[in-house]
file data-v7.pdb (PDB, C-alpha atoms)
ATOM      1  CA  MET A1393       9.864 -13.970 -14.834
ATOM      2  CA  THR A1394       6.703 -13.185 -16.787
ATOM      3  CA  LEU A1395       3.304 -13.686 -15.155
ATOM      4  CA  GLY A1396       0.355 -14.781 -17.249
ATOM      5  CA  VAL A1397      -2.826 -12.710 -16.978
ATOM      6  CA  ALA A1398      -6.267 -14.047 -17.886
ATOM      7  CA  ILE A1399      -9.263 -11.749 -18.313
ATOM      8  CA  GLY A1400     -12.837 -12.780 -17.630
ATOM      9  CA  GLY A1401     -15.094 -10.525 -19.688
ATOM     10  CA  LEU A1402     -14.268  -8.463 -22.781
ATOM     11  CA  GLY A1403     -16.633  -5.569 -22.273
ATOM     12  CA  ALA A1404     -15.836  -1.916 -21.630
ATOM     13  CA  ILE A1405     -13.192  -2.748 -19.012
ATOM     14  CA  GLY A1406     -11.794  -6.114 -20.065
ATOM     15  CA  LYS A1407     -11.161  -5.083 -23.660
ATOM     16  CA  VAL A1408      -9.106  -2.044 -22.598
ATOM     17  CA  VAL A1409      -7.033  -4.119 -20.168
ATOM     18  CA  ALA A1410      -6.444  -6.822 -22.794
ATOM     19  CA  ARG A1411      -5.257  -4.276 -25.362
ATOM     20  CA  HIS A1412      -2.777  -2.745 -22.929
ATOM     21  CA  LEU A1413      -1.381  -6.180 -22.129
ATOM     22  CA  ASP A1414      -1.090  -6.952 -25.824
ATOM     23  CA  ARG A1415       0.878  -3.736 -26.379
ATOM     24  CA  GLY A1416       3.283  -4.873 -23.667
ATOM     25  CA  ILE A1417       3.608  -4.487 -19.885
ATOM     26  CA  ASP A1418       6.901  -5.521 -18.293
ATOM     27  CA  GLY A1419       6.610  -8.819 -16.470
ATOM     28  CA  LEU A1420       3.087  -9.551 -17.680
ATOM     29  CA  ALA A1421       1.559 -11.311 -20.683
ATOM     30  CA  LEU A1422      -2.026 -11.902 -21.792
ATOM     31  CA  ALA A1423      -2.548 -15.650 -21.367
ATOM     32  CA  ALA A1424      -6.279 -16.204 -21.965
ATOM     33  CA  VAL A1425      -9.639 -14.468 -22.173
ATOM     34  CA  SER A1426     -13.240 -15.470 -21.662
ATOM     35  CA  ALA A1427     -16.444 -13.813 -22.824
ATOM     36  CA  ARG A1428     -20.155 -14.519 -23.109
ATOM     37  CA  ASP A1429     -19.928 -14.291 -26.904
ATOM     38  CA  GLY A1430     -17.066 -16.634 -27.755
ATOM     39  CA  ALA A1431     -17.149 -15.957 -31.482
ATOM     40  CA  ARG A1432     -16.959 -12.214 -30.944
ATOM     41  CA  ALA A1433     -14.100 -12.677 -28.473
ATOM     42  CA  LYS A1434     -12.153 -14.743 -31.040
ATOM     43  CA  ALA A1435     -12.704 -12.023 -33.622
ATOM     44  CA  THR A1436     -11.340  -9.449 -31.160
ATOM     45  CA  MET A1437      -8.307 -11.601 -30.431
ATOM     46  CA  ALA A1438      -7.621 -11.974 -34.157
ATOM     47  CA  GLY A1439      -6.731  -8.291 -34.239
ATOM     48  CA  PHE A1440      -4.157  -8.583 -31.452
ATOM     49  CA  THR A1441      -0.410  -8.793 -31.987
ATOM     50  CA  ARG A1442      -0.271 -11.839 -29.725
ATOM     51  CA  PRO A1443      -3.766 -13.378 -29.708
ATOM     52  CA  ALA A1444      -4.722 -15.209 -26.516
ATOM     53  CA  PRO A1445      -6.934 -18.308 -26.481
ATOM     54  CA  VAL A1446     -10.620 -17.922 -25.639
ATOM     55  CA  VAL A1447     -11.546 -20.366 -22.870
ATOM     56  CA  PRO A1448     -14.523 -20.974 -20.546
ATOM     57  CA  LEU A1449     -14.727 -18.708 -17.513
ATOM     58  CA  ALA A1450     -14.056 -21.537 -15.051
ATOM     59  CA  ARG A1451     -10.806 -22.481 -16.831
ATOM     60  CA  LEU A1452      -9.078 -19.102 -16.692
ATOM     61  CA  GLY A1453      -7.143 -20.139 -13.596
ATOM     62  CA  GLU A1454      -5.632 -23.051 -15.512
ATOM     63  CA  ALA A1455      -4.058 -20.709 -18.036
ATOM     64  CA  ALA A1456      -2.672 -17.882 -15.907
ATOM     65  CA  ASP A1457      -1.117 -16.747 -12.633
ATOM     66  CA  ILE A1458      -3.475 -13.775 -12.340
ATOM     67  CA  VAL A1459      -7.168 -13.762 -13.245
ATOM     68  CA  VAL A1460      -8.867 -10.394 -13.716
ATOM     69  CA  GLU A1461     -12.640 -10.429 -13.243
ATOM     70  CA  CYS A1462     -14.353  -7.965 -15.597
ATOM     71  CA  ALA A1463     -17.573  -9.961 -15.908
ATOM     72  CA  PRO A1464     -21.132  -9.381 -14.643
ATOM     73  CA  ALA A1465     -21.382  -9.671 -10.864
ATOM     74  CA  ALA A1466     -23.482 -12.853 -11.065
ATOM     75  CA  LEU A1467     -20.516 -14.668 -12.637
ATOM     76  CA  LEU A1468     -17.974 -13.848  -9.919
ATOM     77  CA  ARG A1469     -18.110 -17.237  -8.239
ATOM     78  CA  GLU A1470     -17.895 -19.188 -11.497
ATOM     79  CA  LEU A1471     -14.643 -17.374 -12.282
ATOM     80  CA  ALA A1472     -13.101 -17.015  -8.829
ATOM     81  CA  GLU A1473     -13.752 -20.346  -7.138
ATOM     82  CA  PRO A1474     -11.706 -22.584  -9.480
ATOM     83  CA  ALA A1475      -8.944 -19.989  -9.824
ATOM     84  CA  LEU A1476      -8.568 -19.533  -6.065
ATOM     85  CA  GLY A1477      -8.650 -23.302  -5.652
ATOM     86  CA  ARG A1478      -5.494 -23.347  -7.777
ATOM     87  CA  GLY A1479      -3.846 -20.708  -5.613
ATOM     88  CA  ARG A1480      -4.157 -17.934  -8.184
ATOM     89  CA  LEU A1481      -4.381 -14.210  -7.604
ATOM     90  CA  VAL A1482      -7.865 -13.040  -8.566
ATOM     91  CA  MET A1483      -8.413  -9.336  -9.182
ATOM     92  CA  VAL A1484     -12.073  -8.599  -8.430
ATOM     93  CA  LEU A1485     -13.953  -5.628  -9.848
ATOM     94  CA  SER A1486     -17.449  -6.874  -8.895
ATOM     95  CA  CYS A1487     -16.616  -6.392  -5.232
ATOM     96  CA  GLY A1488     -20.290  -5.828  -4.433
ATOM     97  CA  ALA A1489     -20.794  -9.505  -5.273
ATOM     98  CA  LEU A1490     -17.808 -10.349  -3.092
ATOM     99  CA  LEU A1491     -19.829  -9.251  -0.053
ATOM    100  CA  ASP A1492     -22.280 -12.090  -0.751
ATOM    101  CA  ASN A1493     -19.520 -14.603  -1.480
ATOM    102  CA  PHE A1494     -17.095 -13.814   1.302
ATOM    103  CA  ASP A1495     -16.298 -17.485   1.824
ATOM    104  CA  LEU A1496     -14.060 -17.048  -1.218
ATOM    105  CA  VAL A1497     -11.608 -15.328   1.135
ATOM    106  CA  ASP A1498     -11.411 -18.532   3.204
ATOM    107  CA  LEU A1499     -10.959 -20.539  -0.001
ATOM    108  CA  ALA A1500      -8.068 -18.286  -0.996
ATOM    109  CA  ARG A1501      -6.499 -18.701   2.435
ATOM    110  CA  ARG A1502      -6.706 -22.495   2.300
ATOM    111  CA  HIS A1503      -5.125 -22.803  -1.138
ATOM    112  CA  GLY A1504      -2.593 -19.979  -1.040
ATOM    113  CA  GLY A1505      -4.615 -17.785  -3.393
ATOM    114  CA  ARG A1506      -5.266 -14.082  -3.043
ATOM    115  CA  ILE A1507      -8.146 -11.728  -3.804
ATOM    116  CA  PHE A1508      -7.117  -8.252  -4.877
ATOM    117  CA  VAL A1509      -9.569  -5.350  -5.239
ATOM    118  CA  PRO A1510      -8.179  -2.404  -7.230
ATOM    119  CA  SER A1511      -9.227   1.174  -6.487
ATOM    120  CA  GLY A1512     -11.402   1.218  -9.592
ATOM    121  CA  ALA A1513     -13.390   4.412  -9.992
ATOM    122  CA  LEU A1514     -12.810   5.654  -6.428
ATOM    123  CA  LEU A1515      -9.781   7.582  -5.251
ATOM    124  CA  GLY A1516      -8.443   7.556  -1.708
ATOM    125  CA  LEU A1517      -8.859   3.898  -0.763
ATOM    126  CA  ASP A1518      -5.255   3.844   0.433
ATOM    127  CA  ALA A1519      -6.043   6.711   2.831
ATOM    128  CA  VAL A1520      -9.185   4.927   4.075
ATOM    129  CA  ALA A1521      -7.264   1.676   4.634
ATOM    130  CA  ALA A1522      -4.527   3.534   6.509
ATOM    131  CA  ALA A1523      -7.056   5.385   8.675
ATOM    132  CA  ALA A1524      -8.777   2.096   9.508
ATOM    133  CA  GLU A1525      -5.591   0.894  11.205
ATOM    134  CA  GLY A1526      -6.040   3.672  13.759
ATOM    135  CA  GLY A1527      -9.822   3.559  13.988
ATOM    136  CA  ILE A1528     -12.648   5.104  11.944
ATOM    137  CA  SER A1529     -15.915   6.317  13.439
ATOM    138  CA  GLY A1530     -17.793   7.088  10.231
ATOM    139  CA  VAL A1531     -17.661   6.750   6.444
ATOM    140  CA  HIS A1532     -20.325   8.259   4.181
ATOM    141  CA  MET A1533     -20.428   8.364   0.388
ATOM    142  CA  VAL A1534     -22.694  10.297  -1.971
ATOM    143  CA  THR A1535     -22.838   9.069  -5.572
ATOM    144  CA  ARG A1536     -24.392  11.107  -8.377
ATOM    145  CA  LYS A1537     -24.870   9.616 -11.814
ATOM    146  CA  PRO A1538     -26.663  10.598 -15.002
ATOM    147  CA  PRO A1539     -30.002   8.731 -14.950
ATOM    148  CA  ARG A1540     -29.072   6.517 -17.924
ATOM    149  CA  GLY A1541     -26.201   5.122 -15.852
ATOM    150  CA  LEU A1542     -28.653   3.794 -13.251
ATOM    151  CA  LEU A1543     -31.382   2.424 -15.497
ATOM    152  CA  GLY A1544     -32.197  -1.225 -14.888
ATOM    153  CA  ALA A1545     -30.885  -1.348 -11.324
ATOM    154  CA  PRO A1546     -32.825  -3.994  -9.323
ATOM    155  CA  TYR A1547     -33.551  -1.573  -6.473
ATOM    156  CA  LEU A1548     -35.212   0.907  -8.838
ATOM    157  CA  GLU A1549     -37.305  -1.796 -10.482
ATOM    158  CA  GLU A1550     -38.339  -3.436  -7.206
ATOM    159  CA  ASN A1551     -39.445  -0.092  -5.768
ATOM    160  CA  ALA A1552     -41.001   1.232  -9.011
ATOM    161  CA  ILE A1553     -38.719   4.278  -9.059
ATOM    162  CA  ASP A1554     -38.909   5.955 -12.458
ATOM    163  CA  ILE A1555     -35.901   8.079 -13.415
ATOM    164  CA  SER A1556     -36.413   8.165 -17.174
ATOM    165  CA  GLU A1557     -37.865  11.694 -17.356
ATOM    166  CA  LEU A1558     -36.114  13.525 -14.533
ATOM    167  CA  SER A1559     -35.680  17.284 -14.795
ATOM    168  CA  GLU A1560     -33.929  17.719 -11.431
ATOM    169  CA  PRO A1561     -31.739  15.569  -9.125
ATOM    170  CA  LYS A1562     -33.548  12.785  -7.287
ATOM    171  CA  ARG A1563     -32.195  10.754  -4.371
ATOM    172  CA  VAL A1564     -33.086   7.176  -5.215
ATOM    173  CA  PHE A1565     -31.332   5.365  -2.372
ATOM    174  CA  ALA A1566     -30.031   5.894   1.160
ATOM    175  CA  GLY A1567     -28.727   3.021   3.242
ATOM    176  CA  THR A1568     -25.713   0.844   3.934
ATOM    177  CA  ALA A1569     -23.016  -0.175   1.484
ATOM    178  CA  ARG A1570     -24.244  -3.772   1.681
ATOM    179  CA  GLU A1571     -27.759  -2.719   0.673
ATOM    180  CA  ALA A1572     -26.405  -0.490  -2.094
ATOM    181  CA  ALA A1573     -24.274  -3.286  -3.524
ATOM    182  CA  SER A1574     -27.290  -5.590  -3.603
ATOM    183  CA  GLY A1575     -29.672  -3.047  -5.112
ATOM    184  CA  PHE A1576     -27.262  -1.577  -7.652
ATOM    185  CA  PRO A1577     -24.883  -4.454  -8.566
ATOM    186  CA  ALA A1578     -23.699  -2.896 -11.841
ATOM    187  CA  ASN A1579     -23.371   0.642 -10.506
ATOM    188  CA  VAL A1580     -21.754   0.999  -7.099
ATOM    189  CA  ASN A1581     -18.929  -1.499  -6.712
ATOM    190  CA  VAL A1582     -17.127   1.585  -5.393
ATOM    191  CA  ALA A1583     -19.371   1.409  -2.312
ATOM    192  CA  ALA A1584     -18.297  -2.160  -1.576
ATOM    193  CA  ALA A1585     -14.628  -1.332  -2.142
ATOM    194  CA  LEU A1586     -14.906   1.647   0.210
ATOM    195  CA  ALA A1587     -16.580  -0.527   2.847
ATOM    196  CA  LEU A1588     -13.957  -3.270   2.603
ATOM    197  CA  ALA A1589     -11.144  -0.730   2.917
ATOM    198  CA  GLY A1590     -12.718   0.923   5.942
ATOM    199  CA  ILE A1591     -15.306  -0.077   8.540
ATOM    200  CA  GLY A1592     -17.311  -2.716   6.704
ATOM    201  CA  PRO A1593     -20.463  -2.851   4.593
ATOM    202  CA  ASP A1594     -22.950  -2.472   7.460
ATOM    203  CA  ARG A1595     -21.417   0.695   8.969
ATOM    204  CA  THR A1596     -20.567   2.490   5.734
ATOM    205  CA  THR A1597     -23.490   4.648   4.594
ATOM    206  CA  ILE A1598     -24.359   5.498   0.991
ATOM    207  CA  GLU A1599     -26.615   7.914  -0.877
ATOM    208  CA  ILE A1600     -27.295   7.464  -4.601
ATOM    209  CA  TRP A1601     -28.679  10.300  -6.706
ATOM    210  CA  ALA A1602     -29.954  10.208 -10.274
ATOM    211  CA  ASP A1603     -28.942  13.630 -11.517
ATOM    212  CA  PRO A1604     -29.835  14.838 -15.038
ATOM    213  CA  MET A1605     -27.646  17.900 -14.472
ATOM    214  CA  VAL A1606     -24.374  15.932 -14.473
ATOM    215  CA  THR A1607     -22.530  14.193 -17.286
ATOM    216  CA  ARG A1608     -20.023  12.344 -15.114
ATOM    217  CA  ASN A1609     -20.215   9.723 -12.379
ATOM    218  CA  ILE A1610     -19.482  11.687  -9.205
ATOM    219  CA  HIS A1611     -18.429  10.085  -5.922
ATOM    220  CA  ARG A1612     -17.808  12.058  -2.744
ATOM    221  CA  ILE A1613     -16.671  10.396   0.460
ATOM    222  CA  GLU A1614     -16.450  11.789   3.992
ATOM    223  CA  VAL A1615     -14.296   9.991   6.568
ATOM    224  CA  GLU A1616     -14.080  10.698  10.289
ATOM    225  CA  ALA A1617     -11.159   8.847  11.882
ATOM    226  CA  GLU A1618      -8.827   9.089  14.877
ATOM    227  CA  ALA A1619      -5.862   9.914  12.659
ATOM    228  CA  ALA A1620      -7.566  12.306  10.249
ATOM    229  CA  ARG A1621     -10.776  13.802   8.942
ATOM    230  CA  PHE A1622     -10.922  13.980   5.168
ATOM    231  CA  SER A1623     -13.218  14.492   2.192
ATOM    232  CA  LEU A1624     -12.570  13.243  -1.320
ATOM    233  CA  GLN A1625     -14.466  13.780  -4.563
ATOM    234  CA  ILE A1626     -13.926  12.337  -8.005
ATOM    235  CA  GLU A1627     -15.827  12.967 -11.253
ATOM    236  CA  ASN A1628     -15.402  10.031 -13.616
ATOM    237  CA  VAL A1629     -16.079  10.180 -17.340
ATOM    238  CA  PRO A1630     -18.512   7.318 -18.147
ATOM    239  CA  SER A1631     -17.371   4.686 -20.604
ATOM    240  CA  ALA A1632     -18.841   5.209 -24.076
ATOM    241  CA  GLU A1633     -19.516   1.473 -24.294
ATOM    242  CA  ASN A1634     -21.102   1.131 -20.842
ATOM    243  CA  PRO A1635     -22.314   4.287 -19.025
ATOM    244  CA  ARG A1636     -22.636   2.313 -15.786
ATOM    245  CA  THR A1637     -18.862   2.316 -15.392
ATOM    246  CA  GLY A1638     -16.208   5.000 -15.692
ATOM    247  CA  ARG A1639     -13.191   5.036 -17.976
ATOM    248  CA  LEU A1640     -10.907   5.239 -14.949
ATOM    249  CA  THR A1641     -11.834   1.715 -13.813
ATOM    250  CA  ALA A1642      -9.944  -0.028 -16.622
ATOM    251  CA  LEU A1643      -6.950   2.258 -16.111
ATOM    252  CA  SER A1644      -6.987   1.406 -12.399
ATOM    253  CA  VAL A1645      -6.762  -2.294 -13.253
ATOM    254  CA  ILE A1646      -3.797  -1.662 -15.533
ATOM    255  CA  ALA A1647      -2.033   0.389 -12.844
ATOM    256  CA  ALA A1648      -2.685  -2.343 -10.262
ATOM    257  CA  LEU A1649      -1.302  -5.029 -12.578
ATOM    258  CA  LYS A1650       1.842  -2.974 -13.180
ATOM    259  CA  LYS A1651       2.293  -2.524  -9.443
ATOM    260  CA  LEU A1652       2.389  -6.316  -8.980
ATOM    261  CA  THR A1653       5.601  -6.661 -10.989
ATOM    262  CA  SER A1654       7.211  -3.217 -10.795
ATOM    263  CA  PRO A1655      10.469  -2.803  -8.813
ATOM    264  CA  LEU A1656       8.968   0.455  -7.484
ATOM    265  CA  ALA A1657       5.456   0.592  -6.012
ATOM    266  CA  ILE A1658       3.808   3.842  -4.880
ATOM    267  CA  GLY A1659       0.868   3.919  -2.487
ATOM    268  CA  THR A1660      -0.286   1.874   0.484
TER     269      THR A1660
END

call {"tool": "encode", "arguments": {"input": "data-v7.pdb", "output": "C-alpha cells"}}
result
Amino acid sequence: MTLGVAIGGLGAIGKVVARHLDRGIDGLALAAVSARDGARAKATMAGFTRPAPVVPLARLGEAADIVVECAPAALLRELAEPALGRGRLVMVLSCGALLDNFDLVDLARRHGGRIFVPSGALLGLDAVAAAAEGGISGVHMVTRKPPRGLLGAPYLEENAIDISELSEPKRVFAGTAREAASGFPANVNVAAALALAGIGPDRTTIEIWADPMVTRNIHRIEVEAEAARFSLQIENVPSAENPRTGRLTALSVIAALKKLTSPLAIGT
C-alpha cells in the first residue's frame, strides 16, 4: 500500500522533502503541496517527474494520508486542524507553535489522527524520551547561532536587542522552553521538541547566544535523569536558502517518513 504525503510549505525544508518524494521512497508518494506563492509552487512542480497538485493549506488533509507542516509557525492551525479532523497523521516542524495550540492533541485523539514531531535539527530526542520514562530532574539547552540566523526574532525586537554589529558572543535569552518558543518562533523549534520529549516546556531551560564566531547552528543539551546523565552537542550547517534552519531538518523529515513505512525501524 502506498501512502500519500502532502507538504505544506515549499521553502528550504518543504522543497527538499518534495524532491526526495518525487525521486521515489518506498510506500510513499507526493500527493499535494501548498505554498504562499501558488504560481511559484506550480512552476516548481512543473519540473518534477510526477507533479503534485497545488492546493490551499486547509485542503492538504483531503489529498493525503500524511500532511507534513513546513510552513511558518503562524499557519500551523490552518494546516493541522482540518487534517486532524479527518484522522490524518500530521508531521509538525513548528512545534514551538504546538505549545500554544495543544488542543490539537485532543482533536487528534477524538478523530483518530496523530501528531508526529520529528527530531529535526536536534539529536538525542530518543534518549530524552526514554529517560523521561524513568524520571528526569533537569534538562538545559544552550543554542549558539550566527547573528544573521536570529535577526527579526520577536524577542529581540521587543527588547531592543541589537545583534547586527557583534564582535563577540552575546547571550540574548535565558528562560524556559515555552518562553523561547514564543520569543524565537522561527529559530528554536528544537527547544519545544526537547521539552515535549522530556519534562515539559516550563521545566526545560534554554540559553540562546548570538555568536559571530560560529558558522553553524550549535545546540548542546544537558540531561540529569534517574537512568542516566548525558550531554549531547550538534553543529548544524545552516540552509543556504534560510539561515534560521539547518540542512539536517529536511533530512530528518525524510528519515521519519521512511520509518513510517519501512519493515525495519531503528530508534525509540

call {"tool": "resolve_selection", "arguments": {"input": "data-v7.pdb", "expression": "the PyMOL selection byres ((chain A and resi 1532) around 8)", "output": "list in words"}}
result
Gly1530, Val1531, Met1533, Val1534, Thr1596, Thr1597, Ile1598, Ile1613, Glu1614 and Val1615 of chain A

call {"tool": "resolve_selection", "arguments": {"input": "data-v7.pdb", "expression": "the PyMOL selection byres ((chain A and resi 1605-1611) around 10)", "output": "number ranges by chain"}}
result
A: 1513-1515, 1533-1539, 1541, 1558-1561, 1579-1580, 1582-1583, 1599-1604, 1612-1613, 1624-1631, 1635-1638

call {"tool": "write_last_selection", "arguments": {"input": "data-v7.pdb", "atoms": "C-alpha atoms", "output": "compact mmCIF listing (two decimals), keeping the file's coordinate frame"}}
result
# COMPACT_ATOMS: atom_id res chain seq x y z
CA ALA A 1513 -13.39 4.41 -9.99
CA LEU A 1514 -12.81 5.65 -6.43
CA LEU A 1515 -9.78 7.58 -5.25
CA MET A 1533 -20.43 8.36 0.39
CA VAL A 1534 -22.69 10.30 -1.97
CA THR A 1535 -22.84 9.07 -5.57
CA ARG A 1536 -24.39 11.11 -8.38
CA LYS A 1537 -24.87 9.62 -11.81
CA PRO A 1538 -26.66 10.60 -15.00
CA PRO A 1539 -30.00 8.73 -14.95
CA GLY A 1541 -26.20 5.12 -15.85
CA LEU A 1558 -36.11 13.52 -14.53
CA SER A 1559 -35.68 17.28 -14.80
CA GLU A 1560 -33.93 17.72 -11.43
CA PRO A 1561 -31.74 15.57 -9.12
CA ASN A 1579 -23.37 0.64 -10.51
CA VAL A 1580 -21.75 1.00 -7.10
CA VAL A 1582 -17.13 1.58 -5.39
CA ALA A 1583 -19.37 1.41 -2.31
CA GLU A 1599 -26.62 7.91 -0.88
CA ILE A 1600 -27.30 7.46 -4.60
CA TRP A 1601 -28.68 10.30 -6.71
CA ALA A 1602 -29.95 10.21 -10.27
CA ASP A 1603 -28.94 13.63 -11.52
CA PRO A 1604 -29.84 14.84 -15.04
CA ARG A 1612 -17.81 12.06 -2.74
CA ILE A 1613 -16.67 10.40 0.46
CA LEU A 1624 -12.57 13.24 -1.32
CA GLN A 1625 -14.47 13.78 -4.56
CA ILE A 1626 -13.93 12.34 -8.01
CA GLU A 1627 -15.83 12.97 -11.25
CA ASN A 1628 -15.40 10.03 -13.62
CA VAL A 1629 -16.08 10.18 -17.34
CA PRO A 1630 -18.51 7.32 -18.15
CA SER A 1631 -17.37 4.69 -20.60
CA PRO A 1635 -22.31 4.29 -19.02
CA ARG A 1636 -22.64 2.31 -15.79
CA THR A 1637 -18.86 2.32 -15.39
CA GLY A 1638 -16.21 5.00 -15.69

call {"tool": "resolve_selection", "arguments": {"input": "data-v7.pdb", "expression": "the PyMOL selection byres ((chain A and resi 1426) around 10)", "output": "ChimeraX atom specification"}}
result
/A:1398-1402,1406,1424-1425,1427-1430,1433-1434,1444-1452,1461-1463,1471

call {"tool": "axis_aligned_box", "arguments": {"input": "data-v7.pdb", "around": "range 1493-1510 of chain A", "padding_each_side": "5 Å", "output": "AutoDock Vina command-line options"}}
result
--center_x -11.1 --center_y -12.6 --center_z -2.0 --size_x 26.9 --size_y 30.4 --size_z 20.4

call {"tool": "residues_around", "arguments": {"input": "data-v7.pdb", "residues": "Glu1618 in chain A", "least_positions_apart": "5", "cutoff": "7 Å", "atoms": "only C-alpha atoms", "output": "number ranges by chain"}}
result
A: 1526-1528

call {"tool": "atom_distance", "arguments": {"input": "data-v7.pdb", "atom1": "CA of Thr1568 in chain A", "atom2": "CA of Gly1592 in chain A"}}
result
9.5 Å

call {"tool": "closest_residue", "arguments": {"input": "data-v7.pdb", "among": "A:Ser1574, A:Val1397, A:Ala1404, A:Phe1440", "to": "Ala1423 in chain A", "atoms": "only C-alpha atoms"}}
result
A:Val1397

call {"tool": "closest_residue", "arguments": {"input": "data-v7.pdb", "among": "A:Ile1417, A:Gly1488, A:Pro1474, A:Ile1458", "to": "Pro1577 in chain A", "atoms": "only C-alpha atoms"}}
result
A:Gly1488

call {"tool": "closest_atom_pairs", "arguments": {"input": "data-v7.pdb", "of": "range 1573-1611 of chain A", "to": "range 1505-1510 of chain A", "cutoff": "12 Å", "atoms": "all atoms listed in the file", "output": "Markdown table"}}
result
| residue | atom | partner | partner_atom | distance |
| --- | --- | --- | --- | --- |
| A:Asn1581 | CA | A:Val1509 | CA | 10.2 |
| A:Val1582 | CA | A:Pro1510 | CA | 10.0 |
| A:Ala1584 | CA | A:Val1509 | CA | 10.0 |
| A:Ala1585 | CA | A:Val1509 | CA | 7.2 |
| A:Leu1586 | CA | A:Val1509 | CA | 10.4 |
| A:Ala1587 | CA | A:Val1509 | CA | 11.7 |
| A:Leu1588 | CA | A:Val1509 | CA | 9.2 |
| A:Ala1589 | CA | A:Val1509 | CA | 9.5 |

call {"tool": "closest_residue", "arguments": {"input": "data-v7.pdb", "among": "A:Gly1479, A:Gly1504, A:Gly1396, A:Gly1544", "to": "Asp1457 in chain A", "atoms": "only C-alpha atoms"}}
result
A:Gly1396

call {"tool": "atom_distance", "arguments": {"input": "data-v7.pdb", "atom1": "CA of Asn1493 in chain A", "atom2": "CA of Glu1633 in chain A"}}
result
27.9 Å
